[in-house]
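See below for upload_13.txt, which holds compact mmCIF, C-alpha atoms and all ligand atoms.
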```
# COMPACT_ATOMS: atom_id res chain seq x y z
CA MET A 1 17.90 9.91 -15.45
CA GLU A 2 19.00 10.97 -18.95
CA ASN A 3 17.91 14.54 -19.64
CA TYR A 4 16.86 14.56 -23.29
CA ASN A 5 15.10 17.41 -25.07
CA TYR A 6 12.25 15.74 -26.97
CA ASN A 7 11.00 19.17 -28.06
CA ASN A 8 13.97 19.42 -30.46
CA ILE A 9 12.33 16.71 -32.57
CA TRP A 10 8.65 16.45 -31.67
CA LYS A 11 5.89 19.04 -31.63
CA GLU A 12 5.36 20.83 -28.32
CA ASN A 13 2.35 19.49 -26.34
CA LEU A 14 2.01 16.56 -28.77
CA PHE A 15 0.35 14.47 -26.04
CA ARG A 16 -1.51 17.23 -24.20
CA GLY A 17 -4.66 15.75 -22.66
CA LYS A 18 -3.41 12.14 -22.97
CA SER A 19 -2.77 9.83 -20.01
CA CYS A 20 -0.47 6.83 -19.84
CA LEU A 21 -0.18 3.95 -17.36
CA ILE A 22 3.33 2.47 -17.22
CA THR A 23 4.26 -0.74 -15.41
CA GLY A 24 7.97 -0.81 -14.60
CA GLY A 25 7.84 3.01 -14.70
CA SER A 26 10.25 3.24 -11.77
CA GLY A 27 12.86 1.27 -13.76
CA THR A 28 15.63 2.79 -15.88
CA ILE A 29 14.13 2.51 -19.37
CA CYS A 30 10.45 2.92 -18.58
CA ARG A 31 10.97 6.07 -16.49
CA GLN A 32 12.51 7.60 -19.64
CA GLN A 33 9.43 6.55 -21.62
CA ALA A 34 7.43 8.36 -18.94
CA ALA A 35 9.72 11.39 -19.22
CA ALA A 36 9.27 11.54 -23.01
CA LEU A 37 5.49 11.55 -22.73
CA ILE A 38 5.47 14.07 -19.85
CA LYS A 39 7.79 16.48 -21.69
CA LEU A 40 5.37 16.35 -24.61
CA GLY A 41 2.37 17.18 -22.43
CA ALA A 42 0.95 13.85 -21.19
CA SER A 43 -0.05 12.86 -17.67
CA VAL A 44 1.48 9.63 -16.42
CA ALA A 45 0.95 6.97 -13.75
CA ILE A 46 3.90 4.70 -12.94
CA VAL A 47 3.65 1.35 -11.20
CA GLY A 48 6.09 -0.90 -9.30
CA ARG A 49 6.40 -3.01 -6.15
CA ASP A 50 8.94 -0.88 -4.30
CA THR A 51 6.92 2.10 -3.02
CA PRO A 52 9.84 4.37 -1.94
CA ARG A 53 11.44 3.86 -5.37
CA VAL A 54 8.18 4.68 -7.16
CA ASP A 55 7.70 7.79 -4.97
CA SER A 56 11.21 9.02 -5.65
CA VAL A 57 10.82 8.61 -9.45
CA VAL A 58 7.46 10.43 -9.28
CA GLN A 59 9.21 13.38 -7.56
CA ASP A 60 11.83 13.48 -10.35
CA LEU A 61 9.23 13.22 -13.12
CA ARG A 62 7.10 16.02 -11.64
CA LYS A 63 10.05 18.38 -12.08
CA ILE A 64 9.94 17.97 -15.88
CA ILE A 65 6.27 18.80 -16.42
CA PRO A 66 6.32 21.69 -18.95
CA SER A 67 5.86 24.99 -17.08
CA SER A 68 2.84 25.90 -19.26
CA LEU A 69 1.08 22.69 -18.12
CA ARG A 70 1.90 22.85 -14.37
CA ASP A 71 -1.78 23.18 -13.44
CA GLU A 72 -2.94 20.58 -15.94
CA SER A 73 -0.51 17.64 -16.28
CA LYS A 74 -0.17 15.14 -13.48
CA VAL A 75 2.35 12.50 -12.50
CA VAL A 76 1.24 9.88 -9.99
CA GLY A 77 2.77 6.63 -8.77
CA PHE A 78 1.46 3.40 -7.28
CA GLY A 79 3.88 1.24 -5.30
CA ASN A 80 3.08 -2.10 -3.76
CA CYS A 81 1.60 -3.31 -7.05
CA ASP A 82 2.75 -6.67 -8.37
CA VAL A 83 1.86 -7.19 -12.04
CA ARG A 84 1.43 -10.90 -11.30
CA SER A 85 -1.74 -9.94 -9.43
CA ILE A 86 -4.74 -8.91 -11.54
CA SER A 87 -6.44 -7.47 -8.43
CA ASP A 88 -3.41 -5.23 -7.70
CA LEU A 89 -3.62 -3.96 -11.28
CA GLN A 90 -7.39 -3.47 -11.23
CA LYS A 91 -6.97 -1.32 -8.12
CA VAL A 92 -4.19 0.69 -9.79
CA VAL A 93 -6.27 1.23 -12.94
CA ASP A 94 -9.20 2.50 -10.81
CA GLU A 95 -6.87 4.81 -8.87
CA THR A 96 -5.25 6.04 -12.08
CA VAL A 97 -8.64 6.89 -13.59
CA THR A 98 -9.55 8.75 -10.39
CA ALA A 99 -6.26 10.68 -10.45
CA LEU A 100 -5.84 11.31 -14.19
CA GLY A 101 -9.41 11.01 -15.48
CA LYS A 102 -8.71 8.24 -18.03
CA ILE A 103 -6.07 6.01 -19.59
CA ASP A 104 -5.25 6.42 -23.29
CA PHE A 105 -1.93 4.61 -23.46
CA VAL A 106 -0.55 1.57 -21.65
CA ILE A 107 3.11 0.57 -21.50
CA CYS A 108 3.82 -2.97 -20.23
CA GLY A 109 7.44 -2.67 -19.15
CA ALA A 110 7.72 -4.48 -15.80
CA ALA A 111 10.25 -7.28 -16.05
CA GLY A 112 12.62 -9.42 -14.04
CA ASN A 113 15.97 -10.62 -15.32
CA PHE A 114 19.10 -12.41 -14.19
CA LEU A 115 21.84 -14.36 -15.93
CA SER A 116 21.52 -18.09 -15.47
CA ASP A 117 22.32 -21.17 -17.51
CA PHE A 118 19.68 -23.91 -17.79
CA ASN A 119 21.26 -26.05 -15.08
CA HIS A 120 21.11 -23.24 -12.48
CA THR A 121 17.66 -21.97 -13.44
CA SER A 122 15.10 -23.53 -11.11
CA THR A 123 11.56 -24.16 -12.29
CA ASN A 124 10.43 -21.40 -9.91
CA ALA A 125 12.96 -18.91 -11.30
CA PHE A 126 11.89 -19.66 -14.88
CA LYS A 127 8.24 -19.37 -13.90
CA SER A 128 8.73 -16.07 -12.08
CA VAL A 129 10.14 -14.43 -15.25
CA VAL A 130 7.22 -15.78 -17.29
CA ASP A 131 4.80 -14.59 -14.57
CA ILE A 132 6.21 -11.05 -14.43
CA ASP A 133 7.02 -10.34 -18.09
CA LEU A 134 4.35 -12.31 -19.93
CA ILE A 135 1.43 -12.89 -17.54
CA GLY A 136 2.09 -9.44 -16.03
CA SER A 137 1.78 -7.85 -19.48
CA PHE A 138 -1.44 -9.77 -20.14
CA ASN A 139 -2.81 -8.71 -16.72
CA THR A 140 -1.96 -5.06 -17.37
CA VAL A 141 -3.88 -4.97 -20.64
CA LYS A 142 -6.72 -6.96 -19.04
CA ALA A 143 -7.06 -4.43 -16.21
CA ALA A 144 -6.92 -1.42 -18.56
CA TYR A 145 -9.11 -2.96 -21.29
CA THR A 146 -12.28 -0.94 -20.61
CA GLN A 147 -10.27 2.28 -20.63
CA LEU A 148 -8.56 1.30 -23.87
CA ILE A 149 -11.94 0.68 -25.52
CA GLN A 150 -13.47 3.92 -24.22
CA ASN A 151 -10.51 6.02 -25.37
CA ARG A 152 -9.56 4.09 -28.55
CA GLY A 153 -6.20 3.73 -26.86
CA ALA A 154 -2.85 2.19 -27.68
CA VAL A 155 -0.68 -0.45 -26.02
CA LEU A 156 3.10 -0.72 -26.11
CA PHE A 157 4.77 -3.90 -24.87
CA VAL A 158 8.46 -3.78 -24.01
CA SER A 159 10.14 -6.81 -25.52
CA ALA A 160 13.79 -7.62 -26.35
CA THR A 161 15.82 -9.18 -29.17
CA LEU A 162 17.14 -12.16 -27.16
CA HIS A 163 14.76 -14.64 -28.77
CA TYR A 164 15.87 -13.86 -32.34
CA TYR A 165 18.71 -16.31 -31.76
CA GLY A 166 19.78 -18.67 -28.96
CA VAL A 167 21.36 -16.57 -26.21
CA PRO A 168 23.06 -18.63 -23.48
CA PHE A 169 22.21 -17.70 -19.86
CA GLN A 170 19.02 -15.98 -21.08
CA ALA A 171 16.70 -18.86 -22.05
CA HIS A 172 14.10 -17.71 -19.48
CA VAL A 173 13.96 -14.14 -20.82
CA GLY A 174 14.12 -15.19 -24.49
CA ALA A 175 11.25 -17.63 -24.07
CA THR A 176 9.21 -15.02 -22.19
CA LYS A 177 9.78 -12.16 -24.62
CA ALA A 178 8.89 -14.46 -27.55
CA GLY A 179 5.57 -14.87 -25.76
CA VAL A 180 5.23 -11.10 -25.35
CA ASP A 181 5.73 -10.61 -29.10
CA ALA A 182 3.12 -13.30 -29.83
CA LEU A 183 0.66 -11.71 -27.39
CA SER A 184 1.20 -8.32 -29.00
CA ASN A 185 0.63 -9.67 -32.51
CA ALA A 186 -2.59 -11.46 -31.56
CA LEU A 187 -4.00 -8.50 -29.59
CA ALA A 188 -3.22 -6.16 -32.48
CA VAL A 189 -5.47 -8.30 -34.68
CA GLU A 190 -8.21 -8.71 -32.04
CA PHE A 191 -8.26 -5.04 -30.97
CA GLY A 192 -7.84 -3.46 -34.43
CA PRO A 193 -11.58 -3.30 -35.12
CA LEU A 194 -12.02 -1.48 -31.79
CA GLY A 195 -9.57 1.22 -32.89
CA ILE A 196 -6.94 0.11 -30.37
CA ARG A 197 -3.38 -0.17 -31.66
CA VAL A 198 -0.95 -2.68 -30.12
CA ASN A 199 2.80 -2.67 -30.75
CA CYS A 200 6.10 -3.74 -29.21
CA VAL A 201 9.37 -1.93 -28.79
CA ALA A 202 12.41 -4.23 -28.63
CA PRO A 203 15.40 -2.48 -27.05
CA GLY A 204 18.90 -3.71 -27.77
CA PRO A 205 21.61 -3.22 -25.14
CA ILE A 206 20.82 0.02 -23.29
CA GLY A 207 23.73 1.59 -21.38
CA GLY A 208 23.23 2.54 -17.74
CA THR A 209 20.73 -0.23 -17.04
CA GLU A 210 21.43 -2.85 -14.38
CA GLY A 211 20.88 -5.69 -16.87
CA PHE A 212 23.36 -4.24 -19.36
CA GLU A 213 26.04 -3.59 -16.75
CA ARG A 214 25.76 -7.16 -15.52
CA ILE A 215 26.19 -8.59 -19.02
CA VAL A 216 28.75 -6.15 -20.47
CA PRO A 217 31.59 -5.10 -18.14
CA ASP A 218 33.75 -3.59 -20.95
CA VAL A 219 31.62 -1.11 -22.90
CA SER A 220 34.29 0.27 -25.25
CA ASN A 221 35.15 -3.12 -26.72
CA PHE A 222 31.46 -3.99 -26.95
CA GLU A 223 30.43 -0.78 -28.76
CA SER A 224 32.55 -1.58 -31.82
CA LYS A 225 30.44 -4.74 -32.31
CA ILE A 226 27.28 -2.65 -32.77
CA PRO A 227 26.78 -1.48 -36.39
CA LEU A 228 25.95 2.08 -35.25
CA GLN A 229 29.02 2.00 -32.93
CA ARG A 230 27.40 2.90 -29.62
CA VAL A 231 25.22 1.30 -26.97
CA GLY A 232 21.61 2.39 -26.69
CA ARG A 233 20.41 5.37 -24.67
CA THR A 234 17.16 5.38 -22.77
CA SER A 235 16.10 8.30 -25.00
CA ASP A 236 16.34 5.98 -28.03
CA ILE A 237 13.48 4.04 -26.46
CA GLY A 238 11.79 7.31 -25.46
CA ASN A 239 11.77 8.46 -29.08
CA ALA A 240 10.43 5.10 -30.32
CA THR A 241 7.67 5.34 -27.71
CA VAL A 242 6.70 8.84 -28.83
CA PHE A 243 6.55 7.72 -32.45
CA LEU A 244 4.43 4.63 -31.78
CA PHE A 245 1.89 6.55 -29.63
CA SER A 246 1.76 9.53 -32.00
CA GLU A 247 -0.62 10.15 -34.88
CA ALA A 248 2.35 9.48 -37.18
CA ALA A 249 1.84 5.78 -36.32
CA GLN A 250 -1.95 5.82 -36.74
CA TRP A 251 -1.80 2.96 -39.29
CA ILE A 252 0.82 0.93 -37.44
CA THR A 253 -0.30 -1.99 -35.29
CA GLY A 254 1.07 -5.48 -34.68
CA THR A 255 4.67 -4.44 -35.26
CA VAL A 256 7.84 -4.94 -33.24
CA LEU A 257 10.08 -1.90 -33.53
CA VAL A 258 13.65 -3.02 -32.89
CA VAL A 259 15.75 -0.18 -31.42
CA ASP A 260 19.26 -1.60 -31.20
CA GLY A 261 21.68 0.18 -33.56
CA GLY A 262 21.49 -2.86 -35.86
CA PHE A 263 23.00 -5.15 -33.22
CA TRP A 264 20.81 -8.21 -33.62
CA GLN A 265 21.66 -8.36 -37.31
CA MET A 266 25.23 -9.18 -36.25
CA GLY A 267 24.24 -12.46 -34.60
CA ASN A 268 24.89 -13.25 -30.97
CA PHE A 269 27.97 -11.70 -29.41
CA ASN A 270 26.53 -11.77 -25.88
CA ASN A 271 28.57 -13.80 -23.41
CA SER A 272 30.86 -14.95 -26.20
CA ASP A 273 33.78 -15.04 -23.73
CA GLN A 274 31.82 -17.49 -21.58
CA TYR A 275 30.97 -19.78 -24.47
CA PRO A 276 31.42 -22.69 -24.40
CA LYS A 277 34.02 -23.32 -21.64
CA ILE A 278 32.34 -21.61 -18.66
CA LEU A 279 28.87 -22.55 -19.84
CA LYS A 280 29.90 -26.22 -20.12
CA GLN A 281 31.36 -26.19 -16.58
CA LYS A 282 28.08 -24.81 -15.22
CA LEU A 283 25.91 -27.24 -17.16
CA LEU A 284 27.81 -30.18 -15.66
CA GLU A 285 27.50 -29.04 -12.00
CA LYS A 286 24.89 -30.57 -9.68
CA PRO A 287 21.48 -29.76 -11.26
CA LYS A 288 19.17 -27.27 -9.54
CA LEU A 289 15.49 -28.17 -9.62
N1 LIG A 301 18.23 -3.08 -20.01
C1 LIG A 301 18.30 -3.43 -21.29
O1 LIG A 301 19.32 -3.23 -21.95
C2 LIG A 301 17.09 -4.05 -21.95
C3 LIG A 301 17.23 -4.68 -23.18
C4 LIG A 301 16.11 -5.27 -23.79
C5 LIG A 301 14.88 -5.19 -23.17
N2 LIG A 301 14.76 -4.57 -21.96
C6 LIG A 301 13.41 -4.49 -21.36
O2 LIG A 301 13.13 -3.15 -21.03
C7 LIG A 301 12.27 -3.10 -19.87
C8 LIG A 301 12.90 -2.22 -18.79
O3 LIG A 301 14.20 -2.71 -18.50
P1 LIG A 301 15.16 -1.98 -17.43
O4 LIG A 301 16.54 -2.46 -17.72
O5 LIG A 301 14.89 -0.53 -17.39
O6 LIG A 301 14.65 -2.70 -16.08
P2 LIG A 301 14.70 -2.23 -14.55
O7 LIG A 301 15.44 -0.96 -14.36
O8 LIG A 301 15.14 -3.45 -13.78
O9 LIG A 301 13.18 -1.96 -14.25
C9 LIG A 301 12.26 -3.00 -14.10
C10 LIG A 301 11.00 -2.41 -13.54
O10 LIG A 301 10.02 -3.44 -13.45
C11 LIG A 301 9.43 -3.38 -12.15
N3 LIG A 301 9.01 -4.73 -11.76
C12 LIG A 301 9.75 -5.86 -11.72
N4 LIG A 301 9.00 -6.88 -11.29
C13 LIG A 301 7.74 -6.38 -11.06
C14 LIG A 301 6.54 -6.95 -10.59
N5 LIG A 301 6.44 -8.25 -10.28
N6 LIG A 301 5.45 -6.14 -10.48
C15 LIG A 301 5.54 -4.82 -10.78
N7 LIG A 301 6.66 -4.23 -11.22
C16 LIG A 301 7.75 -5.02 -11.35
C17 LIG A 301 10.55 -2.85 -11.24
O11 LIG A 301 10.05 -2.23 -10.06
P3 LIG A 301 9.96 -3.03 -8.66
O12 LIG A 301 11.19 -3.88 -8.54
O13 LIG A 301 9.83 -1.97 -7.62
O14 LIG A 301 8.72 -3.85 -8.75
C18 LIG A 301 11.17 -1.81 -12.17
O15 LIG A 301 10.42 -0.62 -12.10
C19 LIG A 301 12.07 -4.55 -19.45
O16 LIG A 301 10.87 -5.03 -20.01
C20 LIG A 301 13.28 -5.25 -20.06
O17 LIG A 301 13.03 -6.64 -20.27
C21 LIG A 301 15.83 -4.01 -21.33
```

Could you take the file, read its structure, and then write that structure out as structure tokens?
Ligand SMILES: NC(=O)c1ccc[n+]([C@@H]2O[C@H](COP(=O)([O-])OP(=O)(O)OC[C@H]3O[C@@H](n4cnc5c(N)ncnc54)[C@H](OP(=O)(O)O)[C@@H]3O)[C@@H](O)[C@H]2O)c1
Amino acid sequence: MENYNYNNIWKENLFRGKSCLITGGSGTICRQQAAALIKLGASVAIVGRDTPRVDSVVQDLRKIIPSSLRDESKVVGFGNCDVRSISDLQKVVDETVTALGKIDFVICGAAGNFLSDFNHTSTNAFKSVVDIDLIGSFNTVKAAYTQLIQNRGAVLFVSATLHYYGVPFQAHVGATKAGVDALSNALAVEFGPLGIRVNCVAPGPIGGTEGFERIVPDVSNFESKIPLQRVGRTSDIGNATVFLFSEAAQWITGTVLVVDGGFWQMGNFNNSDQYPKILKQKLLEKPKL
């Protein structure tokens, strides 16, 4: 996990007394969002399906609790929770409240992804991405809703930039993340009068993640295509998360904060070497239903 010193930028103990529930918190990006909040004083609960993975990330995150808050801040994890199941999430929310006392912030980061052209994407595969990323995000907010009302909390969805243009091999994720943005916008309007803020962070290509390594084998050539000349770091998303949960963003709701070094403004360079020859070959193979 990237070791980034958030205290060089943000006020010490900025989130002291705050608690955050993070789905996908055992994954590469969301564990860094957890780390950012913990280093600035928050308590955190992370959620995933793979219990040993969740437990191991919890052990790592406990090591970065600020020494002055060792007796106060907590990091807990809940494995065996599938965001497609509202009952799994209700149980996790109850257990989080028991362990941390309350939930102020919610990050909906759990997601599934794979590269697949339309012809090789089965209906079930498409549906499973929608179920995890979109319905799972809805379920997470649903389960935490009472806590969000009680604590005038804030929600952060984790989106992407794939739906800003037509990205081949990613129709399932693009369609799903477009839905996440729409959900975020609508909930921002509905929850505003309750004092609950709802925003999205949209990461561009983040180095060191499984998804990125699958899509981009040659990083050096790729980096020159990004206006700010480097791939993203997980701490770039950590910093965006801190900003959007902080008092500095108290009048910001219903926004999508793109954190991508300006990449999406360049148009779609993803998979350009596979377009159109390899894509066309795949589209003309025997269809998968
Ligand atoms: N990587 C990038 O460059 C990039 C770019 C744009 C957007 N994003 C977004 O950023 C977020 C994190 O991406 P990442 O690359 O860090 O992903 P990752 O490492 O693959 O992590 C995904 C996390 O989601 C959890 N998860 C998946 N399915 C789940 C389910 N059904 N129920 C509960 N948890 C589930 C996984 O844990 P289990 O498998 O144990 O359940 C894991 O903790 C995602 O929303 C992704 O779409 C990433």

Just the residues within 7 Å of His163 of chain A, please, counting only C-alpha atoms, with nothing from its chain fewer than 2 positions along; format it as a list in words.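 Answer for this query is Thr161, Tyr165, Gly166, Gly174, Ala175, Lys177 and Ala178 of chain A.
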
Taking only C-alpha atoms into account, which of A:Thr23, A:Gln281, A:Ser220, A:Thr121 comes nearest Ala144 of chain A?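 The answer is A:Thr23, which sits nearest to Ala144 of chain A.
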
Taking the point (2.3, 15.3, -14.9) as given in the file, collect each protein or nucleic acid residue that comes within 8 Å of it, counting only C-alpha atoms, and present the set as number ranges by chain. A: 38, 41-44, 61-62, 65, 70, 72-76

Around ligand LIG 301 (chain A), which protein and nucleic acid residues have at least one atom no more than 8 Å from it, if we count all atoms listed in the file? List them as JSON, numbers by chain. {"A": [23, 24, 25, 26, 27, 28, 29, 30, 31, 47, 48, 49, 50, 51, 53, 54, 79, 80, 81, 82, 83, 84, 108, 109, 110, 111, 112, 113, 131, 132, 133, 136, 157, 158, 159, 160, 161, 162, 173, 177, 202, 203, 204, 205, 206, 207, 208, 209, 210, 211, 212, 232]}

Would you write out those residues with C-alpha atoms, as a tab-separated table (two decimals), in the frame of the given file?
```
chain	number	residue	atom	x	y	z
A	23	THR	CA	4.26	-0.74	-15.41
A	24	GLY	CA	7.97	-0.81	-14.60
A	25	GLY	CA	7.84	3.01	-14.70
A	26	SER	CA	10.25	3.24	-11.77
A	27	GLY	CA	12.86	1.27	-13.76
A	28	THR	CA	15.63	2.79	-15.88
A	29	ILE	CA	14.13	2.51	-19.37
A	30	CYS	CA	10.45	2.92	-18.58
A	31	ARG	CA	10.97	6.07	-16.49
A	47	VAL	CA	3.65	1.35	-11.20
A	48	GLY	CA	6.09	-0.90	-9.30
A	49	ARG	CA	6.40	-3.01	-6.15
A	50	ASP	CA	8.94	-0.88	-4.30
A	51	THR	CA	6.92	2.10	-3.02
A	53	ARG	CA	11.44	3.86	-5.37
A	54	VAL	CA	8.18	4.68	-7.16
A	79	GLY	CA	3.88	1.24	-5.30
A	80	ASN	CA	3.08	-2.10	-3.76
A	81	CYS	CA	1.60	-3.31	-7.05
A	82	ASP	CA	2.75	-6.67	-8.37
A	83	VAL	CA	1.86	-7.19	-12.04
A	84	ARG	CA	1.43	-10.90	-11.30
A	108	CYS	CA	3.82	-2.97	-20.23
A	109	GLY	CA	7.44	-2.67	-19.15
A	110	ALA	CA	7.72	-4.48	-15.80
A	111	ALA	CA	10.25	-7.28	-16.05
A	112	GLY	CA	12.62	-9.42	-14.04
A	113	ASN	CA	15.97	-10.62	-15.32
A	131	ASP	CA	4.80	-14.59	-14.57
A	132	ILE	CA	6.21	-11.05	-14.43
A	133	ASP	CA	7.02	-10.34	-18.09
A	136	GLY	CA	2.09	-9.44	-16.03
A	157	PHE	CA	4.77	-3.90	-24.87
A	158	VAL	CA	8.46	-3.78	-24.01
A	159	SER	CA	10.14	-6.81	-25.52
A	160	ALA	CA	13.79	-7.62	-26.35
A	161	THR	CA	15.82	-9.18	-29.17
A	162	LEU	CA	17.14	-12.16	-27.16
A	173	VAL	CA	13.96	-14.14	-20.82
A	177	LYS	CA	9.78	-12.16	-24.62
A	202	ALA	CA	12.41	-4.23	-28.63
A	203	PRO	CA	15.40	-2.48	-27.05
A	204	GLY	CA	18.90	-3.71	-27.77
A	205	PRO	CA	21.61	-3.22	-25.14
A	206	ILE	CA	20.82	0.02	-23.29
A	207	GLY	CA	23.73	1.59	-21.38
A	208	GLY	CA	23.23	2.54	-17.74
A	209	THR	CA	20.73	-0.23	-17.04
A	210	GLU	CA	21.43	-2.85	-14.38
A	211	GLY	CA	20.88	-5.69	-16.87
A	212	PHE	CA	23.36	-4.24	-19.36
A	232	GLY	CA	21.61	2.39	-26.69
```

Would you please work out which residue, of A:Gly262, A:Trp251, A:Ile64, A:Val129, is nearest to Glu2 of chain A when using all atoms listed in the file?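 Nearest candidate to Glu2 of chain A out of A:Gly262, A:Trp251, A:Ile64, A:Val129: A:Ile64.
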
Pick out the residues sitting within 12 Å of Asp104 of chain A, and hand them over as a PyMOL selection string; count only C-alpha atoms, and ignore anything fewer than 6 positions along from it in its own chain. chain A and resi 15-22+37+42-45+93+96-97+141+144-156+195-197+245-246

Contacts of Asn119 of chain A at 9 Å (all atoms listed in the file; same-chain gap of 2+ positions) as a VMD selection string: chain A and resid 116 to 117 121 to 122 282 to 289

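A straight line drawn from atom CA of Val180 of chain A to atom CA of Phe126 of chain A is 15.1 Å long.
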
Atom CA of Gln250 of chain A to atom CA of Gly101 of chain A measures 23.1 Å

So how far away is atom CA of Glu223 of chain A from atom CA of Val242 of chain A, in Å?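 These two atoms are separated by 25.6 Å.
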
I'd like to know which of A:Gly179, A:Pro168, A:Pro66, A:Gly261 is closest to Phe114 of chain A, using only C-alpha atoms.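 Result for the nearest residue to Phe114 of chain A: A:Pro168.
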
Counting all atoms listed in the file, which residue out of A:His120, A:Lys225, A:Lys91, A:Arg233 sits closest to Thr140 of chain A? A:Lys91

Considering all atoms listed in the file, state which residue in the set A:Asp260, A:Asp273, A:Asp218, A:Glu247 is at the smallest distance from Trp10 of chain A.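 That would be A:Glu247, the residue with the smallest distance to Trp10 of chain A.
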
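With all atoms listed in the file as the basis for measurement, A:Ser184 is the residue among A:Asn13, A:Ser184, A:Asn8, A:Ser56 that approaches Gly254 of chain A most closely.
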
Since the input is missing atoms, can you rebuild N, CA and C atoms for segment 239-257 of chain A and write them as a compact mmCIF listing (two decimals), in the frame of the given file?
```txt
# COMPACT_ATOMS: atom_id res chain seq x y z
N ASN A 239 12.18 8.00 -27.76
CA ASN A 239 11.77 8.46 -29.08
C ASN A 239 10.89 7.44 -29.81
N ALA A 240 11.24 6.16 -29.69
CA ALA A 240 10.43 5.10 -30.32
C ALA A 240 9.02 5.09 -29.71
N THR A 241 8.97 5.32 -28.42
CA THR A 241 7.67 5.34 -27.71
C THR A 241 6.81 6.50 -28.21
N VAL A 242 7.43 7.66 -28.34
CA VAL A 242 6.70 8.84 -28.83
C VAL A 242 6.14 8.55 -30.22
N PHE A 243 6.99 8.01 -31.08
CA PHE A 243 6.55 7.72 -32.45
C PHE A 243 5.35 6.76 -32.45
N LEU A 244 5.48 5.66 -31.71
CA LEU A 244 4.43 4.63 -31.78
C LEU A 244 3.11 5.09 -31.15
N PHE A 245 3.15 6.04 -30.20
CA PHE A 245 1.89 6.55 -29.63
C PHE A 245 1.35 7.75 -30.42
N SER A 246 2.18 8.30 -31.31
CA SER A 246 1.76 9.53 -32.00
C SER A 246 0.84 9.23 -33.18
N GLU A 247 0.24 10.27 -33.69
CA GLU A 247 -0.62 10.15 -34.88
C GLU A 247 0.19 9.70 -36.11
N ALA A 248 1.50 9.91 -36.06
CA ALA A 248 2.35 9.48 -37.18
C ALA A 248 2.29 7.96 -37.35
N ALA A 249 1.91 7.25 -36.28
CA ALA A 249 1.84 5.78 -36.32
C ALA A 249 0.40 5.29 -36.36
N GLN A 250 -0.52 6.16 -36.82
CA GLN A 250 -1.95 5.82 -36.74
C GLN A 250 -2.33 4.57 -37.54
N TRP A 251 -1.50 4.17 -38.51
CA TRP A 251 -1.80 2.96 -39.29
C TRP A 251 -0.81 1.84 -38.99
N ILE A 252 -0.16 1.95 -37.82
CA ILE A 252 0.82 0.93 -37.44
C ILE A 252 0.30 0.18 -36.23
N THR A 253 0.07 -1.11 -36.41
CA THR A 253 -0.30 -1.99 -35.29
C THR A 253 0.26 -3.37 -35.57
N GLY A 254 0.56 -4.12 -34.51
CA GLY A 254 1.07 -5.48 -34.68
C GLY A 254 2.51 -5.50 -35.17
N THR A 255 3.27 -4.45 -34.84
CA THR A 255 4.67 -4.44 -35.26
C THR A 255 5.59 -4.50 -34.05
N VAL A 256 6.79 -5.00 -34.27
CA VAL A 256 7.84 -4.94 -33.24
C VAL A 256 8.90 -3.99 -33.77
N LEU A 257 9.06 -2.87 -33.10
CA LEU A 257 10.08 -1.90 -33.53
C LEU A 257 11.37 -2.19 -32.77
```
